[in-house]
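Q: The structure's right below; bear with me while I get my questions together.
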Amino acid sequence: MSDGGGRARLTRIVGSTLHPSQWLEAWRSTRPSAQPKKPGELAYGIDDVPPPLLTLFSGFQHVGLVRIQLIFPALVIQLAELPTEASVNMLSLSLIALGVAAILQSLPRGRVGSRFLCPPCHDAIFLEPSIAALKFGGLPLVFGMTMFAGVIQSVLSPILNRIRPLLPPEIGGLVIFLVGTSIAAIGCRYMIGIGAKEPVGHDYWLVAGVTLMTTVVLNVWGRGQAKLLCTMVGISVGYGLAVLTGVLPQDARGVLSELRLFAIPHFAHGGWAFSADMILPFTVAALAVTLKGIGDITALQRINDAGWVRAEMGSISRGTLANGLANMFAGLVGTSGLTPSTANIGLQAATGVSSRVIGFAVGGILLVLAFLPSVTGSLILMPRPVMGAALLFSACFVLISGLQTITSRMLDARRTIVIGLGISSGVAAELIPSFATDIPHALQPIVSSSIVLGTTTALLLNGLFRIGQRQRVKLALDPAAPDAVAEVNEFFDTAGRGWGARPDVMVRVAFGINQAIEAIREHCEPQGPITIEAHFDEFNLDVRISYRGEALEFPDERPSGQEIMETDAGYRRLAGYMLRMNADRIRTSVKDGMTVLEFHFVH
Amino acid sequence: MKLVEAVAEDVMVVEAYGRLDSTTSKVFGDRLISLLQTGRGSLVVDLKNIAYISSAGFRALLIANRAAAGRDGKLALCGVTGEVRRLFDIGGFTSEFLIFPTQADGIGKLRP
């Protein structure tokens, strides 16, 4: 992808041959602009200030989505079996952490914050490690290890650019997929009633089924707010049915009615604990949140910049730091981990309102809600079948998001094995939990979690398979050979899979090389073989074609139809023009009789 | 490259398969010209099964387009999607041809 302005500048600047200093200047001037261009479909861009009423309304919309995700800390709180008042207080502390995180992400300057409207939410990524920590050391261990995850994220934030080869997108997709399987497993258990304190009956399954169906129907056939808030509506309907059928016990209803409208949250809790056994699960969670955050902030960049070309690592780095600090704060005040909220990013794309100011409104509303326990209390007593249905519904989207991320890259045998064994080991941990009890104690934190086992397997294999992985490949081609085209295409297909390159970029590369070889054969009278070299890193794909023969011309403007049809020069210049328009940068030079064409593709 | 020819509602339709490059475009272009000269002067060319089109393919299409216009006929293209569409766009050819989403649309437009 390239910006149109950049392309126009490119055509003015790059002649057929440039001095290295001119080339550098051209390269600089065609880089993405530091000033994003607001897309036409955005009513209020990142720096715009909407009217106060719209700001408030948008703020409530975002808070509505964030609030749904409170089911994750609510589930941890339920499992902790705290008294109702303490449970509601913990949710209020969650709201405070969420409010602070929303404001941190929206800060317009400084080293912290993505500078986007990037509301946070509680996320399933922290669910499994939090439940494990709860069983192992109670809530203090959950809080302490959440702080630890925040530290890991903060440490990673400045070096994200350098370690990206170790965390390729397909492994990010694998982590998301495993998170999906983990939530789906919990959701199914809750919906069916496995592990319930008392035997469940038809009413229980009815509540689960109606909650799920309501949510699905609104999501598939609903429109506007009904679609956006389908989970909240589904939960409300399920809740109502649970009251009517008696699935929600009478005493729970009494507790709900006793909750105060206003109360000041207190920060007194059982303290913080740390355990070496929990380091790995929370490190993997921190990595997963970081990978997810990279995707979320990249999506925000794309929404807010019509000329978006590639991920801008500055805002990703600051956003990761903000999320790390928010998680340290969340653990400090006494709640579980946070991530940027993907649903809220979708809301911005849907409404065209993406102003950073709304981030402050979201933060303010969340902080106010923290003082209203009656509003949040209902989540604590949410019936298990309702919670199970909501989790299973969320799992569908998480699973597919993971699969899409995995398949967004070309995968060779190595990468296929990394992902295949990662998924297999993760699913095995979910299906055969007894396996964990038969292995040494030190390895149990790895094996007992599907996310940790799957991710660890993939990361180790990825590291192993990087040995001998070539980022630079070379091919000598006989231009007269009848199978030259097939040879070139197979060469780049193999290389692309080995690199895990984006298929859309490799399609452009394939056209460029095919067109260049064709043009050289037809117009340049090549003597001897044509040498093709390609070099890849996560951000750049450079191809260099060397041959003995005449240089091609890359004109600024396309020759006219008449020139193309009637003159060889017009036909030849069309090939050069197509090559120029296909690549992000192009350069040609002649040295010692060798003509060298260099194509650069942004990856 | 393979060409499949048919007549639908009195309009000649050519479905092209494979690659339109410097080795195949000559045969392709000559066949289009021949059909235009022997038929009614109008032709629908379906490119949905074309995997690759280079400058040679565009040249052949331009020549066929001019031949159709010279006989007061029309050349309509359809199935211009995906990568082929991108190449039409970057080459600035989208506005130079009559392009329809489907064969049926092209036939409907060229029907005598």
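Naming works like this for the structure tokens: A, B, ... for the chains as they're shown, residue 1 at the start of each chain, ligands 1 onward in shown order.
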With a cut-off of 8 Å, could you pull out the residues of chain A touching chain B and give me the nearest pair of atoms for each, distance in Å to one decimal, using only C-alpha atoms, ordered by chain and ascending number, as a Markdown table?
A:
| residue | atom | partner | partner_atom | distance |
| --- | --- | --- | --- | --- |
| A:Val507 | CA | B:Glu83 | CA | 7.8 |
| A:Phe511 | CA | B:Tyr52 | CA | 7.5 |
| A:Gln515 | CA | B:Ser54 | CA | 6.0 |
| A:Glu518 | CA | B:Ser22 | CA | 6.7 |
| A:Glu522 | CA | B:Ser22 | CA | 8.0 |
| A:Arg558 | CA | B:Gly91 | CA | 7.4 |
| A:Gly561 | CA | B:Leu62 | CA | 7.0 |
| A:Ile564 | CA | B:Arg59 | CA | 6.4 |
| A:Met565 | CA | B:Arg59 | CA | 6.0 |
| A:Tyr571 | CA | B:Ser55 | CA | 7.3 |
| A:Leu574 | CA | B:Ser55 | CA | 6.2 |
| A:Ala575 | CA | B:Ser55 | CA | 5.4 |
| A:Tyr577 | CA | B:Gly91 | CA | 7.5 |
| A:Met578 | CA | B:Gly91 | CA | 5.8 |
| A:Met581 | CA | B:Ile90 | CA | 6.0 |
| A:Asn582 | CA | B:Ile90 | CA | 7.1 |
Q: Please produce a file of the residues just selected, as a PDB file, in the first residue's frame, where the atoms kept are C-alpha atoms.
A:
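The result, written out as again.pdb:
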ATOM      1  CA  VAL A 507       1.431 -10.773  -5.365  1.00  0.00           C
ATOM      2  CA  PHE A 511       3.933  -9.090 -10.928  1.00  0.00           C
ATOM      3  CA  GLN A 515       6.916  -7.880 -15.869  1.00  0.00           C
ATOM      4  CA  GLU A 518       9.410  -9.968 -19.749  1.00  0.00           C
ATOM      5  CA  GLU A 522      11.738  -8.214 -25.092  1.00  0.00           C
ATOM      6  CA  ARG A 558       2.132   6.558 -18.988  1.00  0.00           C
ATOM      7  CA  GLY A 561      -2.655   4.492 -26.123  1.00  0.00           C
ATOM      8  CA  ILE A 564       1.691   1.929 -26.914  1.00  0.00           C
ATOM      9  CA  MET A 565      -0.035   0.455 -29.951  1.00  0.00           C
ATOM     10  CA  TYR A 571       5.235  -0.298 -25.621  1.00  0.00           C
ATOM     11  CA  LEU A 574       4.500   1.168 -20.685  1.00  0.00           C
ATOM     12  CA  ALA A 575       6.394  -1.754 -19.104  1.00  0.00           C
ATOM     13  CA  TYR A 577       5.651   2.760 -16.133  1.00  0.00           C
ATOM     14  CA  MET A 578       3.799  -0.314 -14.808  1.00  0.00           C
ATOM     15  CA  MET A 581       3.617   2.140 -10.261  1.00  0.00           C
ATOM     16  CA  ASN A 582       3.744  -1.408  -8.871  1.00  0.00           C
TER      17      ASN A 582
END
Q: As a ChimeraX atom specification, please: every residue in chain B that a backbone DSSP assignment puts in helix (DSSP H, G or I).
A: /B:25-38,55-70,82-90,103-110
Q: With distances taken over only C-alpha atoms, which of B:Met12, B:Lys26, B:Pro112, B:Thr38 is nearest to Ala76 of chain B?
A: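 The closest residue to Ala76 of chain B is B:Met12.
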Q: Would you work out the distance separating atom CA of Thr567 of chain A from atom CA of Glu550 of chain A, expressed in Å to one decimal?
A: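 If I compute the distance from atom CA of Thr567 of chain A to atom CA of Glu550 of chain A, I get 17.9 Å.
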Q: At a cut-off of 10 Å, using only C-alpha atoms, what residues contact Gly144 of chain A? Leave out same-chain residues fewer than 2 positions from it and give the result as an MDAnalysis selection string.
A: chainID A and resid 133 139:142 146:150 271:275 328 330:332 334:336
Q: Identify which of the residues A:Gly377, A:Thr181, A:Gly238, A:Val353 lies closest to Asp48 of chain A, counting only C-alpha atoms when measuring atom-to-atom distances.
A: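 Counting only C-alpha atoms, the residue closest to Asp48 of chain A is A:Val353.
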Q: When you look at segment 194-211 of chain A with a cut-off of 10 Å (counting only C-alpha atoms), what residues show up, excluding the ones that are within fewer than 6 positions of it in the same chain? I need them as number ranges by chain.
A: A: 186-188, 231-248, 383-390, 393
Q: Output C-alpha atoms of each residue in that selection to a file, as a PDB file, in the first residue's frame.
A:
ATOM      1  CA  ILE A 186     -15.058 -22.170  30.273  1.00  0.00           C
ATOM      2  CA  GLY A 187     -18.219 -20.941  28.502  1.00  0.00           C
ATOM      3  CA  CYS A 188     -19.304 -24.481  27.591  1.00  0.00           C
ATOM      4  CA  THR A 231     -24.062  -8.998  24.584  1.00  0.00           C
ATOM      5  CA  MET A 232     -25.432  -6.587  27.158  1.00  0.00           C
ATOM      6  CA  VAL A 233     -29.009  -7.152  25.953  1.00  0.00           C
ATOM      7  CA  GLY A 234     -28.476 -10.942  25.896  1.00  0.00           C
ATOM      8  CA  ILE A 235     -27.128 -10.861  29.456  1.00  0.00           C
ATOM      9  CA  SER A 236     -30.080  -8.707  30.595  1.00  0.00           C
ATOM     10  CA  VAL A 237     -32.619 -11.078  29.005  1.00  0.00           C
ATOM     11  CA  GLY A 238     -30.830 -14.101  30.507  1.00  0.00           C
ATOM     12  CA  TYR A 239     -30.719 -12.385  33.872  1.00  0.00           C
ATOM     13  CA  GLY A 240     -34.464 -11.680  33.730  1.00  0.00           C
ATOM     14  CA  LEU A 241     -35.238 -15.275  32.788  1.00  0.00           C
ATOM     15  CA  ALA A 242     -32.980 -16.526  35.586  1.00  0.00           C
ATOM     16  CA  VAL A 243     -35.026 -14.459  38.058  1.00  0.00           C
ATOM     17  CA  LEU A 244     -38.351 -15.748  36.638  1.00  0.00           C
ATOM     18  CA  THR A 245     -37.279 -19.412  36.605  1.00  0.00           C
ATOM     19  CA  GLY A 246     -35.545 -19.325  39.970  1.00  0.00           C
ATOM     20  CA  VAL A 247     -32.105 -20.041  38.525  1.00  0.00           C
ATOM     21  CA  LEU A 248     -31.017 -16.852  40.325  1.00  0.00           C
ATOM     22  CA  PRO A 383     -26.028 -16.555  37.022  1.00  0.00           C
ATOM     23  CA  ARG A 384     -23.516 -19.086  35.686  1.00  0.00           C
ATOM     24  CA  PRO A 385     -25.543 -20.076  32.585  1.00  0.00           C
ATOM     25  CA  VAL A 386     -25.786 -16.386  31.598  1.00  0.00           C
ATOM     26  CA  MET A 387     -22.081 -15.881  32.082  1.00  0.00           C
ATOM     27  CA  GLY A 388     -21.329 -19.091  30.175  1.00  0.00           C
ATOM     28  CA  ALA A 389     -23.413 -17.975  27.189  1.00  0.00           C
ATOM     29  CA  ALA A 390     -21.709 -14.559  27.133  1.00  0.00           C
ATOM     30  CA  PHE A 393     -20.378 -15.845  22.298  1.00  0.00           C
TER      31      PHE A 393
END
Q: Which neighbours of Val602 of chain A fall inside 7 Å, counting only C-alpha atoms, when residues of the same chain fewer than 3 positions from it are skipped, and could you give them as a PyMOL selection string?
A: chain A and resi 539-541+584
Q: What is the atom CA of Leu20 of chain B-atom CA of Gly57 of chain B distance in Å, reported with one decimal?
A: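 Going from atom CA of Leu20 of chain B over to atom CA of Gly57 of chain B covers 4.9 Å.
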Q: Looking only at the backbone, which of the residues in chain B does DSSP tag as strand (DSSP E or B), as a short mmCIF file (atom, residue, chain, number, x, y, z; two decimals) with N, CA and C atoms, in the first residue's frame?
A:
data_model
loop_
_atom_site.label_atom_id
_atom_site.label_comp_id
_atom_site.auth_asym_id
_atom_site.auth_seq_id
_atom_site.Cartn_x
_atom_site.Cartn_y
_atom_site.Cartn_z
N LYS B 2 -5.70 -20.28 -22.69
CA LYS B 2 -6.80 -20.95 -23.39
C LYS B 2 -7.91 -19.92 -23.63
N LEU B 3 -8.53 -20.02 -24.81
CA LEU B 3 -9.68 -19.14 -25.09
C LEU B 3 -10.92 -20.00 -25.32
N VAL B 4 -12.01 -19.67 -24.67
CA VAL B 4 -13.27 -20.37 -24.88
C VAL B 4 -14.25 -19.38 -25.49
N GLU B 5 -14.76 -19.72 -26.67
CA GLU B 5 -15.62 -18.77 -27.40
C GLU B 5 -17.06 -19.25 -27.40
N ALA B 6 -17.98 -18.32 -27.32
CA ALA B 6 -19.40 -18.68 -27.34
C ALA B 6 -20.19 -17.49 -27.87
N VAL B 7 -21.42 -17.77 -28.28
CA VAL B 7 -22.31 -16.67 -28.69
C VAL B 7 -23.49 -16.69 -27.73
N ALA B 8 -23.77 -15.54 -27.14
CA ALA B 8 -24.90 -15.43 -26.22
C ALA B 8 -25.73 -14.23 -26.63
N VAL B 11 -24.36 -12.07 -29.18
CA VAL B 11 -23.12 -11.35 -28.88
C VAL B 11 -22.00 -12.38 -28.71
N MET B 12 -20.87 -12.09 -29.33
CA MET B 12 -19.72 -13.00 -29.22
C MET B 12 -19.04 -12.80 -27.86
N VAL B 13 -18.80 -13.91 -27.18
CA VAL B 13 -18.16 -13.84 -25.86
C VAL B 13 -16.89 -14.70 -25.88
N VAL B 14 -15.79 -14.12 -25.38
CA VAL B 14 -14.53 -14.88 -25.29
C VAL B 14 -14.10 -14.93 -23.82
N GLU B 15 -13.95 -16.14 -23.32
CA GLU B 15 -13.43 -16.30 -21.96
C GLU B 15 -11.96 -16.67 -22.07
N ALA B 16 -11.10 -15.86 -21.44
CA ALA B 16 -9.65 -16.12 -21.50
C ALA B 16 -9.20 -16.77 -20.20
N TYR B 17 -8.32 -17.75 -20.32
CA TYR B 17 -7.78 -18.47 -19.16
C TYR B 17 -6.26 -18.40 -19.18
N GLY B 18 -5.66 -18.19 -17.99
CA GLY B 18 -4.19 -18.26 -17.89
C GLY B 18 -3.53 -16.91 -17.80
N ARG B 19 -2.44 -16.74 -18.55
CA ARG B 19 -1.62 -15.53 -18.46
C ARG B 19 -1.65 -14.76 -19.77
N LEU B 20 -1.76 -13.45 -19.66
CA LEU B 20 -1.65 -12.61 -20.85
C LEU B 20 -0.29 -11.91 -20.79
N LEU B 43 -17.73 -7.41 -29.08
CA LEU B 43 -17.17 -8.57 -28.41
C LEU B 43 -17.13 -8.35 -26.90
N VAL B 44 -17.49 -9.39 -26.14
CA VAL B 44 -17.31 -9.35 -24.68
C VAL B 44 -16.13 -10.26 -24.34
N VAL B 45 -15.14 -9.71 -23.65
CA VAL B 45 -13.98 -10.51 -23.24
C VAL B 45 -14.03 -10.66 -21.72
N ASP B 46 -14.12 -11.92 -21.29
CA ASP B 46 -14.21 -12.19 -19.85
C ASP B 46 -12.81 -12.53 -19.32
N LEU B 47 -12.33 -11.69 -18.38
CA LEU B 47 -10.96 -11.86 -17.87
C LEU B 47 -10.94 -12.47 -16.48
N LYS B 48 -12.07 -13.05 -16.04
CA LYS B 48 -12.10 -13.48 -14.64
C LYS B 48 -11.14 -14.65 -14.36
N ASN B 49 -10.74 -15.38 -15.39
CA ASN B 49 -9.80 -16.48 -15.17
C ASN B 49 -8.37 -16.14 -15.59
N ILE B 50 -8.12 -14.86 -15.73
CA ILE B 50 -6.76 -14.43 -16.06
C ILE B 50 -5.98 -14.19 -14.76
N ALA B 51 -4.85 -14.86 -14.62
CA ALA B 51 -4.07 -14.75 -13.38
C ALA B 51 -3.04 -13.63 -13.46
N TYR B 52 -2.66 -13.25 -14.66
CA TYR B 52 -1.58 -12.28 -14.81
C TYR B 52 -1.74 -11.57 -16.14
N ILE B 53 -1.59 -10.26 -16.13
CA ILE B 53 -1.61 -9.51 -17.39
C ILE B 53 -0.47 -8.49 -17.35
N LEU B 75 -15.88 -3.17 -27.74
CA LEU B 75 -15.23 -4.25 -26.99
C LEU B 75 -15.56 -4.02 -25.52
N ALA B 76 -16.20 -5.00 -24.91
CA ALA B 76 -16.54 -4.88 -23.49
C ALA B 76 -15.73 -5.90 -22.70
N LEU B 77 -15.22 -5.47 -21.55
CA LEU B 77 -14.47 -6.39 -20.69
C LEU B 77 -15.30 -6.69 -19.44
N CYS B 78 -15.18 -7.89 -18.95
CA CYS B 78 -15.81 -8.21 -17.67
C CYS B 78 -14.89 -9.14 -16.88
N LEU B 98 -14.57 -0.29 -21.85
CA LEU B 98 -15.91 -0.51 -21.28
C LEU B 98 -15.78 -1.71 -20.37
N ILE B 99 -15.94 -1.51 -19.07
CA ILE B 99 -15.76 -2.62 -18.12
C ILE B 99 -17.07 -2.88 -17.39
N PHE B 100 -17.50 -4.14 -17.38
CA PHE B 100 -18.74 -4.52 -16.70
C PHE B 100 -18.43 -5.59 -15.64
#
Q: Atom CA of Gly593 of chain A to atom CA of Arg548 of chain A: how many Å, to one decimal?
A: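 Pair atom CA of Gly593 of chain A / atom CA of Arg548 of chain A returns 6.1 Å.
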